[in-house]
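Structure record follows, encoded as structure tokens.
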Amino acid sequence: MGAIPTQRETASRASQAPAHADEAPARAHATLPGSPLAPGSARALLRTALAEWTALGLPGAEHLTDRLADDALLVVTELVTNAVVHAGTAVEFECRLEGDDQDTAALVVEVCDHHPSRAPRGSEPDPAHDTPEYGRGLRLVGALCEAWGITYRTGRKTVWARLPAAGCQADEQIEAYAGEHALAHGLRVAEILAPEPLPGEHGAPEEAARDSRDEHDWYDRDWRERHGSQGGRAGQDGAWLGRGALSFLAEASDLLAGQLDEDLVAALAGQLIVPRLADWCAVWLEDEATGGGWNGGAAGGPRLARVWHASENRIEELRRALEKDPPPASDPLRSGPVGYPWPGEALGHAPGGPGSALAYRLVAGGRPLGTLVIGRSGAAGFPDEITGLVEDLSRRVALAIGAARQYARQATISAVLQRGLLPGAVAEIPGVRSALVYEPYDKGGPSGDFYDLFPAGDGRWCFAVGDVQGKGPEAAVVIGLARPWLRLLAREGYGVADVLDRLNQLLLDDATEAADAAARALVAAGARPTPPGDGPQTRFLSLLYGELVPFDGGVRCTVASAGHPLPLLLGAGGEVHAAAQPQTLLGVVEDATYTSDTFELRSGDTLLCVTDGVTERRSGSRQFDDEDGLAAALAGCAGMNAELIAERIKRLVHEFGARPPADDLALLVLQAE
């Protein structure tokens with residue numbers, strides 16, 4: 001009788017793997033080589049798939065959240081890394097969406113290799129004699145997933161994990177992902193990349209416990225043990241360098257490249273290096289404006305940003321010692337480490353002499369950014385392989401710090417610019433209550449949305465809600481042009497329609513001048529003239545602009561919409577209708593003539609003005625204003641005051657989709673008292 005193929009399954013929190021959904025439209029699959037580059041390729045594929053599914057509005061994509069994406073990236077990294085390290089074969093990676101409502105929707109990840117005789121790390125204890133690879137194995141997967149499992153078949157092994165859209169309660173291994181825990185989250189990821197030391201290595205848990213009981217006596221005893229067994233540590237270094245160093249460097253680079261805060265980069269560098277590569281490390285950061293000078297921590301000198309030691313009880317003492325002796329200035333173009341004095345004041349002098357410490361200059365783009373110092377006890381010091389690996393890592397740390405500083409500079413400039421593009425205060429109008437919601441999508445850059453509410457003289461007040469095509473500096477230029485001109489024209493006595501006529505011509509003239517200047521620059525540089533349509537783009541602007549004139553018993557309102565979502569008027573009885581006619585964008589048509597609509601706001605009447613960040617808020621393939629969704633939401637606000645209406649509309653917009661809004665959001669509520 002022929003042999004019958006057997007199947008053995010082990011699972012955690014689930015008895016069997018989920019059904020394969022080949023027919024699911026939200027599905028991505030790839031075969032990856034069994035190399036250290038596979039985890040990064042899998043993460044890139046996952047990011048691309050999630051973005052495409054969301055953009056296409058595929059079923060279930062509306063439930064994808066940033067938290068779910070972050071969890072999935074960690075799970076994919078761990079599963080693919082396990083497959084590469086422990087199987088060594090090509091890896092088949094698949095991700096797909098299952099379920100179509102909030103309660104059942106989930107992201108399923110499957111990783112298949114072709115060496116089923118090797119179980120994934122974490123499914124069973126490591127042999128005591130083996131050097132542990134980096135990673136937390138299926139303990140990490142189990143902490144993040146609703147269910148996971150391992151399926152063995154002839155010639156292949158599949159590890160699958162199911163992450164629910166609603167999230168699951170992670171155990172104590174995983175820190176919360178909220179913004180205030182970003183540092184803790186990054187450090188946990190760094191700890192995943194840098195492996196735990198063996199019991200008996202410096203920094204192992206049981207030795208840290210001994211250190212807390214009698215740290216100075218233990219340190220001398222530990223040095224004796226290590227001094228007499230340097231060959232043992234050298235063997236551990238060699239084993240890990242041969243099997244995990246390249247993967248460690250690739251994964252560490254990916255982690256550091258995603259950080260936008262230089263102090264977080266310094267903290268992650270310490271967690272990556274200690275205890276695998278060194279017993280302790282420190283990162284000094286310097287102000288680029290000082291030109292690389294060192295003043296022992298004085299004003300304008302280096303700042304000791306991070307100190308890390310395998311024994312946490314020694315960190316503060318080590319910090320105090322290092323602050324007294326910052327590394328000296330060195331040639332920023334010099335490559336490689338230089339010697340650094342052993343901090344005997346904090347770590348003592350073990351019999352036979354102190355340990356070894358090396359300083360690496362952190363340089364990016366030819367600019368010195370700081371210094372990374374590492375230390376290891378024992379006379380043998382650092383092997384060349386370790387110093388080379390840390391040198392490679394220090395370059396990546398420097399690049400990450402440089403990128404974080406560049407981001408901080410741009411964020412500061414953008415914040416200052418943004419403050420200048422918006423009014424410092426919103427005018428109070430007699431007989432009118434107003435409420436405003438303004439939420440830029442990019443907190444670090446200029447928004448494309450703007451608003452204004454200002455007195456125009458002669459008992460008139462004017463308001464504007466606008467949206468510029470694009471984001472960033474180009475949008476800031478248009479807003480910086482449009483808002484002052486609106487105020488100037490209004491205070492010169494021009495009516496609503498006349499203001500739009502003149503602003504339209506102003507934008508067209510400005511675009512023509514910009515195109516002429518670009519053409520002259522090209523000619524001066526000897527380049528070919530730019531074909532029509534390929535030069536600077538016309539600066540489009542959608543704008544809702546109006547004028548309010550209070551009178552006894554109400555407010556006369558004149559309003560015009562230029563390519564903007566129409567304002568909605570909510571009557572005291574709950575009826576809702578559009579209060580203006582649609583017209584073309586500003587800055588598009590030469591000699592366009594705009595018209596306005598005039599009506600009265602009586603007591604309790606409310607005018608709602610929004611940008612397309614409200615009307616086009618997406619949930620899968622649906623938009624918030626589909627089937628007059630905004631009008632229906634406003635009708636439900638009958639009887640509320642202006643502040644409550646603004647808060648309710650904002651809440652409904654946020655709750656419409658599972659993911660945060662992907663556009664700037666602005667709304668203005670004007671209500672006659």
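Ordered as shown in the structure tokens, chains take letters A, B, and onward, while each chain numbers its residues from 1 and ligands are numbered from 1 in the order shown.
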Stretch 597-600 of chain A environment, 6 Å, only C-alpha atoms, sequence neighbours closer than 6 positions dropped, as a PyMOL selection string: chain A and resi 555-559+580
Taking N, CA and C atoms for each residue, export the selection above as a PDB file, in the first residue's frame.
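Printed below is part.pdb as written:
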ATOM      1  N   VAL A 555     -29.030  88.932   9.475  1.00  0.00           N
ATOM      2  CA  VAL A 555     -27.764  89.253   8.807  1.00  0.00           C
ATOM      3  C   VAL A 555     -27.945  89.030   7.311  1.00  0.00           C
ATOM      4  N   ARG A 556     -27.578  90.053   6.515  1.00  0.00           N
ATOM      5  CA  ARG A 556     -27.624  89.880   5.061  1.00  0.00           C
ATOM      6  C   ARG A 556     -26.296  89.265   4.627  1.00  0.00           C
ATOM      7  N   CYS A 557     -26.409  88.178   3.865  1.00  0.00           N
ATOM      8  CA  CYS A 557     -25.215  87.433   3.445  1.00  0.00           C
ATOM      9  C   CYS A 557     -25.146  87.396   1.924  1.00  0.00           C
ATOM     10  N   THR A 558     -23.991  87.757   1.386  1.00  0.00           N
ATOM     11  CA  THR A 558     -23.721  87.650  -0.043  1.00  0.00           C
ATOM     12  C   THR A 558     -22.541  86.700  -0.219  1.00  0.00           C
ATOM     13  N   VAL A 559     -22.688  85.699  -1.082  1.00  0.00           N
ATOM     14  CA  VAL A 559     -21.669  84.658  -1.165  1.00  0.00           C
ATOM     15  C   VAL A 559     -21.483  84.217  -2.612  1.00  0.00           C
ATOM     16  N   ALA A 580     -25.464  78.839  -2.863  1.00  0.00           N
ATOM     17  CA  ALA A 580     -24.741  79.505  -3.946  1.00  0.00           C
ATOM     18  C   ALA A 580     -24.763  78.614  -5.175  1.00  0.00           C
TER      19      ALA A 580
END
A:Ala51 environment, 12 Å, only C-alpha atoms, sequence neighbours closer than 6 positions dropped, as a list in words: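 That gives Ala26, Ala28, Ala44, Leu45, Gly57, Leu58, Ala61, Glu62, Leu64, Thr65, Asp66, Ala69, Gly620 and Arg659 of chain A.
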So which bits of stretch 478-621 of chain A end up strand (DSSP E) when you DSSP the backbone, as a PyMOL selection string? chain A and resi 541-551+554-562+568-570+576-578+597-602+606-610+618-619
Show which residues sit within 12 Å of A:Ala482, as an MDAnalysis selection string. Count only C-alpha atoms, and ignore same-chain residues fewer than 2 positions away. chainID A and resid 421:422 449:452 464:468 475:480 484:489 499:500 502:508 510 539:543 545 586:587
Same residues, C-alpha atoms, saved as a PDB file, in the first residue's frame:
ATOM      1  CA  LEU A 421      -0.656  82.238   6.240  1.00  0.00           C
ATOM      2  CA  LEU A 422      -3.569  82.055   8.676  1.00  0.00           C
ATOM      3  CA  ASP A 449      -6.546  74.833   2.912  1.00  0.00           C
ATOM      4  CA  PHE A 450      -6.995  78.286   4.403  1.00  0.00           C
ATOM      5  CA  TYR A 451      -9.697  80.420   5.994  1.00  0.00           C
ATOM      6  CA  ASP A 452     -10.288  84.020   7.051  1.00  0.00           C
ATOM      7  CA  ALA A 464     -13.305  83.048   3.038  1.00  0.00           C
ATOM      8  CA  VAL A 465     -12.646  79.311   2.923  1.00  0.00           C
ATOM      9  CA  GLY A 466     -10.239  78.199   0.209  1.00  0.00           C
ATOM     10  CA  ASP A 467      -8.291  75.232  -1.114  1.00  0.00           C
ATOM     11  CA  VAL A 468      -5.173  75.521  -3.265  1.00  0.00           C
ATOM     12  CA  ALA A 475       0.359  76.069  -1.984  1.00  0.00           C
ATOM     13  CA  ALA A 476       1.886  78.500   0.504  1.00  0.00           C
ATOM     14  CA  VAL A 477       2.797  80.868  -2.344  1.00  0.00           C
ATOM     15  CA  VAL A 478      -0.794  80.974  -3.594  1.00  0.00           C
ATOM     16  CA  ILE A 479      -2.253  81.420  -0.120  1.00  0.00           C
ATOM     17  CA  GLY A 480       0.298  84.144   0.619  1.00  0.00           C
ATOM     18  CA  PRO A 484      -3.828  89.613   1.580  1.00  0.00           C
ATOM     19  CA  TRP A 485      -5.462  90.529  -1.739  1.00  0.00           C
ATOM     20  CA  LEU A 486      -8.852  89.389  -0.453  1.00  0.00           C
ATOM     21  CA  ARG A 487      -8.534  91.682   2.546  1.00  0.00           C
ATOM     22  CA  LEU A 488      -7.241  94.594   0.477  1.00  0.00           C
ATOM     23  CA  LEU A 489      -9.973  94.358  -2.160  1.00  0.00           C
ATOM     24  CA  VAL A 499     -13.295  90.532  -5.619  1.00  0.00           C
ATOM     25  CA  LEU A 500     -13.342  87.119  -7.341  1.00  0.00           C
ATOM     26  CA  ARG A 502      -9.860  90.603  -9.754  1.00  0.00           C
ATOM     27  CA  LEU A 503      -8.352  87.727  -7.785  1.00  0.00           C
ATOM     28  CA  ASN A 504      -8.797  85.446 -10.803  1.00  0.00           C
ATOM     29  CA  GLN A 505      -6.928  87.894 -13.027  1.00  0.00           C
ATOM     30  CA  LEU A 506      -4.222  88.323 -10.403  1.00  0.00           C
ATOM     31  CA  LEU A 507      -3.546  84.575 -10.293  1.00  0.00           C
ATOM     32  CA  LEU A 508      -3.404  84.366 -14.094  1.00  0.00           C
ATOM     33  CA  ASP A 510       1.216  85.794 -11.631  1.00  0.00           C
ATOM     34  CA  ARG A 539      -1.966  77.969  -9.746  1.00  0.00           C
ATOM     35  CA  PHE A 540      -5.563  76.878  -9.327  1.00  0.00           C
ATOM     36  CA  LEU A 541      -7.594  78.022  -6.343  1.00  0.00           C
ATOM     37  CA  SER A 542     -11.067  76.998  -5.220  1.00  0.00           C
ATOM     38  CA  LEU A 543     -12.630  79.644  -3.016  1.00  0.00           C
ATOM     39  CA  TYR A 545     -16.009  84.000  -0.362  1.00  0.00           C
ATOM     40  CA  LEU A 586      -9.886  80.821  -9.927  1.00  0.00           C
ATOM     41  CA  GLY A 587      -6.756  81.038 -12.051  1.00  0.00           C
TER      42      GLY A 587
END
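With only C-alpha atoms as the atoms that count, the minimum distance from A:Arg306 to the choices A:Val426, A:Ile374, A:Leu358, A:Ala87 is reached by A:Ile374.
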Extract, using only C-alpha atoms, all DNA, RNA and protein residues at most 12 Å from stretch 404-416 of chain A, discarding same-chain residues fewer than 6 positions from it, and format them as number ranges by chain. A: 256-266, 285-288, 364-365, 367, 369, 397-398, 422, 440, 442-447, 471-473, 475-476
In Å, with one decimal, what is the gap from atom CA of A:Leu436 to atom CA of A:Tyr494?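 The value is 25.5 Å.
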May I ask for the distance between atom CA of A:Ala435 and atom CA of A:Ala642, given in Å to one decimal place? 5.6 Å
Near A:Trp461, within 8 Å and counting only C-alpha atoms, which residues show up once chain neighbours fewer than 6 positions away are dropped, as a PyMOL selection string? chain A and resi 429+453-455+547-549
For those residues, write N, CA and C atoms to a file as a PDB file, in the first residue's frame.
ATOM      1  N   ILE A 429     -18.451  88.933  15.062  1.00  0.00           N
ATOM      2  CA  ILE A 429     -19.423  89.669  14.267  1.00  0.00           C
ATOM      3  C   ILE A 429     -20.673  89.892  15.114  1.00  0.00           C
ATOM      4  N   LEU A 453     -11.707  85.410   8.409  1.00  0.00           N
ATOM      5  CA  LEU A 453     -12.937  86.069   8.856  1.00  0.00           C
ATOM      6  C   LEU A 453     -12.503  87.407   9.435  1.00  0.00           C
ATOM      7  N   PHE A 454     -12.834  88.512   8.746  1.00  0.00           N
ATOM      8  CA  PHE A 454     -12.245  89.795   9.098  1.00  0.00           C
ATOM      9  C   PHE A 454     -13.239  90.931   8.848  1.00  0.00           C
ATOM     10  N   PRO A 455     -13.069  92.054   9.583  1.00  0.00           N
ATOM     11  CA  PRO A 455     -13.911  93.235   9.332  1.00  0.00           C
ATOM     12  C   PRO A 455     -13.426  93.965   8.080  1.00  0.00           C
ATOM     13  N   GLU A 547     -19.750  87.970   2.203  1.00  0.00           N
ATOM     14  CA  GLU A 547     -19.815  89.229   2.958  1.00  0.00           C
ATOM     15  C   GLU A 547     -21.048  89.203   3.847  1.00  0.00           C
ATOM     16  N   LEU A 548     -20.887  89.635   5.096  1.00  0.00           N
ATOM     17  CA  LEU A 548     -21.971  89.660   6.074  1.00  0.00           C
ATOM     18  C   LEU A 548     -22.232  91.101   6.503  1.00  0.00           C
ATOM     19  N   VAL A 549     -23.509  91.491   6.500  1.00  0.00           N
ATOM     20  CA  VAL A 549     -23.918  92.825   6.953  1.00  0.00           C
ATOM     21  C   VAL A 549     -25.051  92.651   7.951  1.00  0.00           C
TER      22      VAL A 549
END
Quick one: residues within 10 Å of A:Thr89, only C-alpha atoms, excluding same-chain residues fewer than 5 positions away - as a ChimeraX atom specification? /A:32-35,83-84,112-115
Keeping all heavy atoms, export the residues of the selection given above as a PDB file, in the first residue's frame.
ATOM      1  N   LEU A  32      10.372  35.199  -2.907  1.00  0.00           N
ATOM      2  CA  LEU A  32      11.553  35.966  -2.536  1.00  0.00           C
ATOM      3  C   LEU A  32      12.752  35.043  -2.376  1.00  0.00           C
ATOM      4  O   LEU A  32      12.596  33.906  -1.919  1.00  0.00           O
ATOM      5  CB  LEU A  32      11.310  36.707  -1.215  1.00  0.00           C
ATOM      6  CG  LEU A  32      10.043  37.571  -1.150  1.00  0.00           C
ATOM      7  CD1 LEU A  32       9.852  38.117   0.256  1.00  0.00           C
ATOM      8  CD2 LEU A  32      10.122  38.706  -2.156  1.00  0.00           C
ATOM      9  N   PRO A  33      13.950  35.507  -2.712  1.00  0.00           N
ATOM     10  CA  PRO A  33      15.148  34.675  -2.512  1.00  0.00           C
ATOM     11  C   PRO A  33      15.447  34.521  -1.025  1.00  0.00           C
ATOM     12  O   PRO A  33      15.129  35.402  -0.224  1.00  0.00           O
ATOM     13  CB  PRO A  33      16.245  35.463  -3.227  1.00  0.00           C
ATOM     14  CG  PRO A  33      15.775  36.883  -3.185  1.00  0.00           C
ATOM     15  CD  PRO A  33      14.284  36.820  -3.290  1.00  0.00           C
ATOM     16  N   GLY A  34      16.060  33.416  -0.659  1.00  0.00           N
ATOM     17  CA  GLY A  34      16.401  33.177   0.742  1.00  0.00           C
ATOM     18  C   GLY A  34      17.650  33.915   1.145  1.00  0.00           C
ATOM     19  O   GLY A  34      18.676  33.294   1.445  1.00  0.00           O
ATOM     20  N   SER A  35      17.585  35.244   1.166  1.00  0.00           N
ATOM     21  CA  SER A  35      18.744  36.081   1.476  1.00  0.00           C
ATOM     22  C   SER A  35      18.351  37.111   2.517  1.00  0.00           C
ATOM     23  O   SER A  35      17.159  37.308   2.798  1.00  0.00           O
ATOM     24  CB  SER A  35      19.223  36.798   0.208  1.00  0.00           C
ATOM     25  OG  SER A  35      18.319  37.829  -0.148  1.00  0.00           O
ATOM     26  N   ALA A  83      12.066  32.346   8.237  1.00  0.00           N
ATOM     27  CA  ALA A  83      12.152  31.425   7.107  1.00  0.00           C
ATOM     28  C   ALA A  83      13.535  31.466   6.471  1.00  0.00           C
ATOM     29  O   ALA A  83      14.100  30.430   6.113  1.00  0.00           O
ATOM     30  CB  ALA A  83      11.079  31.781   6.075  1.00  0.00           C
ATOM     31  N   VAL A  84      14.105  32.663   6.327  1.00  0.00           N
ATOM     32  CA  VAL A  84      15.428  32.788   5.711  1.00  0.00           C
ATOM     33  C   VAL A  84      16.502  32.184   6.599  1.00  0.00           C
ATOM     34  O   VAL A  84      17.370  31.424   6.146  1.00  0.00           O
ATOM     35  CB  VAL A  84      15.735  34.273   5.420  1.00  0.00           C
ATOM     36  CG1 VAL A  84      17.181  34.451   4.990  1.00  0.00           C
ATOM     37  CG2 VAL A  84      14.799  34.807   4.341  1.00  0.00           C
ATOM     38  N   CYS A 112       5.796  30.823   3.323  1.00  0.00           N
ATOM     39  CA  CYS A 112       6.050  29.405   3.051  1.00  0.00           C
ATOM     40  C   CYS A 112       7.505  29.216   2.651  1.00  0.00           C
ATOM     41  O   CYS A 112       8.046  29.976   1.840  1.00  0.00           O
ATOM     42  CB  CYS A 112       5.122  28.923   1.932  1.00  0.00           C
ATOM     43  SG  CYS A 112       5.448  27.240   1.374  1.00  0.00           S
ATOM     44  N   ASP A 113       8.172  28.205   3.257  1.00  0.00           N
ATOM     45  CA  ASP A 113       9.512  27.829   2.834  1.00  0.00           C
ATOM     46  C   ASP A 113       9.507  26.352   2.458  1.00  0.00           C
ATOM     47  O   ASP A 113       8.491  25.665   2.592  1.00  0.00           O
ATOM     48  CB  ASP A 113      10.548  28.133   3.921  1.00  0.00           C
ATOM     49  CG  ASP A 113      10.321  27.335   5.194  1.00  0.00           C
ATOM     50  OD1 ASP A 113      10.420  26.092   5.141  1.00  0.00           O
ATOM     51  OD2 ASP A 113      10.052  27.944   6.246  1.00  0.00           O
ATOM     52  N   HIS A 114      10.633  25.835   2.006  1.00  0.00           N
ATOM     53  CA  HIS A 114      10.695  24.472   1.473  1.00  0.00           C
ATOM     54  C   HIS A 114      11.642  23.590   2.273  1.00  0.00           C
ATOM     55  O   HIS A 114      12.324  22.731   1.725  1.00  0.00           O
ATOM     56  CB  HIS A 114      11.101  24.521  -0.001  1.00  0.00           C
ATOM     57  CG  HIS A 114      10.163  25.331  -0.833  1.00  0.00           C
ATOM     58  ND1 HIS A 114       8.963  24.852  -1.281  1.00  0.00           N
ATOM     59  CD2 HIS A 114      10.228  26.632  -1.251  1.00  0.00           C
ATOM     60  CE1 HIS A 114       8.333  25.796  -1.965  1.00  0.00           C
ATOM     61  NE2 HIS A 114       9.079  26.888  -1.958  1.00  0.00           N
ATOM     62  N   HIS A 115      11.663  23.830   3.586  1.00  0.00           N
ATOM     63  CA  HIS A 115      12.476  22.990   4.465  1.00  0.00           C
ATOM     64  C   HIS A 115      11.658  22.684   5.715  1.00  0.00           C
ATOM     65  O   HIS A 115      11.912  23.217   6.790  1.00  0.00           O
ATOM     66  CB  HIS A 115      13.777  23.698   4.847  1.00  0.00           C
ATOM     67  CG  HIS A 115      14.849  22.729   5.274  1.00  0.00           C
ATOM     68  ND1 HIS A 115      14.631  21.742   6.211  1.00  0.00           N
ATOM     69  CD2 HIS A 115      16.139  22.609   4.884  1.00  0.00           C
ATOM     70  CE1 HIS A 115      15.745  21.070   6.389  1.00  0.00           C
ATOM     71  NE2 HIS A 115      16.684  21.564   5.591  1.00  0.00           N
TER      72      HIS A 115
END
I'd like the interatomic distance between atom CA of A:Thr595 and atom CA of A:Ala562, to a tenth of an Å. 9.5 Å
Please list as a CSV table (one decimal) with N, CA and C atoms, in the first residue's frame every residue within 12 Å of A:Leu322, counting only C-alpha atoms and excluding residues in the same chain fewer than 2 positions away.
chain,number,residue,atom,x,y,z
A,280,TRP,N,28.7,48.8,26.5
A,280,TRP,CA,28.0,50.0,26.6
A,280,TRP,C,28.3,50.9,25.4
A,281,CYS,N,27.5,51.9,25.3
A,281,CYS,CA,27.7,52.9,24.2
A,281,CYS,C,27.2,54.2,24.6
A,282,ALA,N,27.6,55.3,23.9
A,282,ALA,CA,27.2,56.6,24.2
A,282,ALA,C,27.1,57.4,22.9
A,283,VAL,N,26.2,58.3,22.7
A,283,VAL,CA,26.1,59.1,21.5
A,283,VAL,C,26.1,60.6,21.9
A,284,TRP,N,27.1,61.3,21.4
A,284,TRP,CA,27.1,62.8,21.6
A,284,TRP,C,26.6,63.4,20.3
A,296,GLY,N,33.2,70.5,26.1
A,296,GLY,CA,32.9,69.8,27.4
A,296,GLY,C,31.5,69.9,27.9
A,297,GLY,N,30.5,70.1,26.9
A,297,GLY,CA,29.1,70.2,27.3
A,297,GLY,C,28.7,71.6,27.6
A,302,PRO,N,29.1,69.9,22.5
A,302,PRO,CA,28.3,68.6,22.2
A,302,PRO,C,27.3,68.3,23.4
A,303,ARG,N,26.3,67.6,23.0
A,303,ARG,CA,25.3,67.2,24.0
A,303,ARG,C,25.3,65.7,24.1
A,304,LEU,N,25.4,65.2,25.3
A,304,LEU,CA,25.4,63.7,25.5
A,304,LEU,C,23.9,63.3,25.4
A,305,ALA,N,23.5,62.8,24.2
A,305,ALA,CA,22.1,62.5,24.0
A,305,ALA,C,21.7,61.2,24.5
A,306,ARG,N,22.6,60.2,24.6
A,306,ARG,CA,22.1,58.9,25.0
A,306,ARG,C,23.3,58.1,25.5
A,307,VAL,N,23.1,57.4,26.7
A,307,VAL,CA,24.0,56.5,27.2
A,307,VAL,C,23.3,55.2,27.5
A,308,TRP,N,23.9,54.1,27.1
A,308,TRP,CA,23.3,52.7,27.2
A,308,TRP,C,24.3,51.7,27.8
A,315,ILE,N,23.9,53.0,34.2
A,315,ILE,CA,23.8,54.0,33.2
A,315,ILE,C,24.0,55.4,33.7
A,316,GLU,N,23.4,55.8,34.8
A,316,GLU,CA,23.5,57.1,35.3
A,316,GLU,C,24.9,57.4,35.8
A,317,GLU,N,25.6,56.5,36.4
A,317,GLU,CA,27.0,56.7,36.8
A,317,GLU,C,27.9,56.8,35.6
A,318,LEU,N,27.6,56.0,34.6
A,318,LEU,CA,28.4,56.1,33.4
A,318,LEU,C,28.2,57.5,32.7
A,319,ARG,N,26.9,57.9,32.7
A,319,ARG,CA,26.6,59.2,32.1
A,319,ARG,C,27.4,60.3,32.8
A,320,ARG,N,27.4,60.3,34.1
A,320,ARG,CA,28.1,61.4,34.8
A,320,ARG,C,29.6,61.4,34.5
A,324,LYS,N,31.9,64.4,31.7
A,324,LYS,CA,33.1,65.2,32.1
A,324,LYS,C,34.2,65.0,31.1
A,325,ASP,N,34.1,64.1,30.2
A,325,ASP,CA,35.2,63.8,29.2
A,325,ASP,C,34.6,63.5,27.8
A,326,PRO,N,34.1,64.5,27.1
A,326,PRO,CA,33.6,64.3,25.8
A,326,PRO,C,34.7,64.0,24.8
A,327,PRO,N,34.4,63.3,23.8
A,327,PRO,CA,35.5,62.9,22.8
A,327,PRO,C,36.1,64.2,22.2
A,340,TYR,N,39.4,55.8,22.8
A,340,TYR,CA,38.7,56.7,23.7
A,340,TYR,C,39.0,56.2,25.1
A,341,PRO,N,39.3,57.1,26.1
A,341,PRO,CA,39.8,56.7,27.4
A,341,PRO,C,38.7,55.9,28.1
A,342,TRP,N,39.1,54.8,28.8
A,342,TRP,CA,38.1,54.0,29.5
A,342,TRP,C,37.6,54.7,30.7
A,343,PRO,N,36.3,54.8,30.9
A,343,PRO,CA,35.7,55.6,32.0
A,343,PRO,C,35.8,54.8,33.3
A,344,GLY,N,37.0,54.8,33.8
A,344,GLY,CA,37.3,54.0,35.0
A,344,GLY,C,36.5,54.5,36.2
A,345,GLU,N,36.2,55.8,36.3
A,345,GLU,CA,35.5,56.4,37.4
A,345,GLU,C,34.1,55.7,37.6
A,346,ALA,N,33.5,55.3,36.5
A,346,ALA,CA,32.2,54.7,36.5
A,346,ALA,C,32.2,53.2,36.5
A,347,LEU,N,33.2,52.7,35.7
A,347,LEU,CA,33.2,51.2,35.5
A,347,LEU,C,34.3,50.5,36.3
A,357,ALA,N,37.6,51.1,24.6
A,357,ALA,CA,36.6,52.0,24.1
A,357,ALA,C,37.0,52.6,22.8
A,373,VAL,N,30.4,56.4,20.7
A,373,VAL,CA,31.5,55.7,21.5
A,373,VAL,C,30.9,54.4,22.0
A,374,ILE,N,31.7,53.3,21.8
A,374,ILE,CA,31.4,52.0,22.3
A,374,ILE,C,32.5,51.5,23.2
A,375,GLY,N,32.1,50.7,24.2
A,375,GLY,CA,33.1,50.1,25.1
A,375,GLY,C,32.8,48.6,25.4
If DSSP is run on the backbone, what residues of stretch 288-506 of chain A are alpha helix (DSSP H)? A reply as a PyMOL selection string would be ideal. chain A and resi 315-323+344-347+384-421+472-491+496-506
Find, counting only C-alpha atoms, the residue in A:Gly381, A:Pro582, A:Gly639, A:Gly339 that gets nearest to A:Asp279.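 Of A:Gly381, A:Pro582, A:Gly639, A:Gly339, the one nearest A:Asp279, counting only C-alpha atoms, is A:Gly381.
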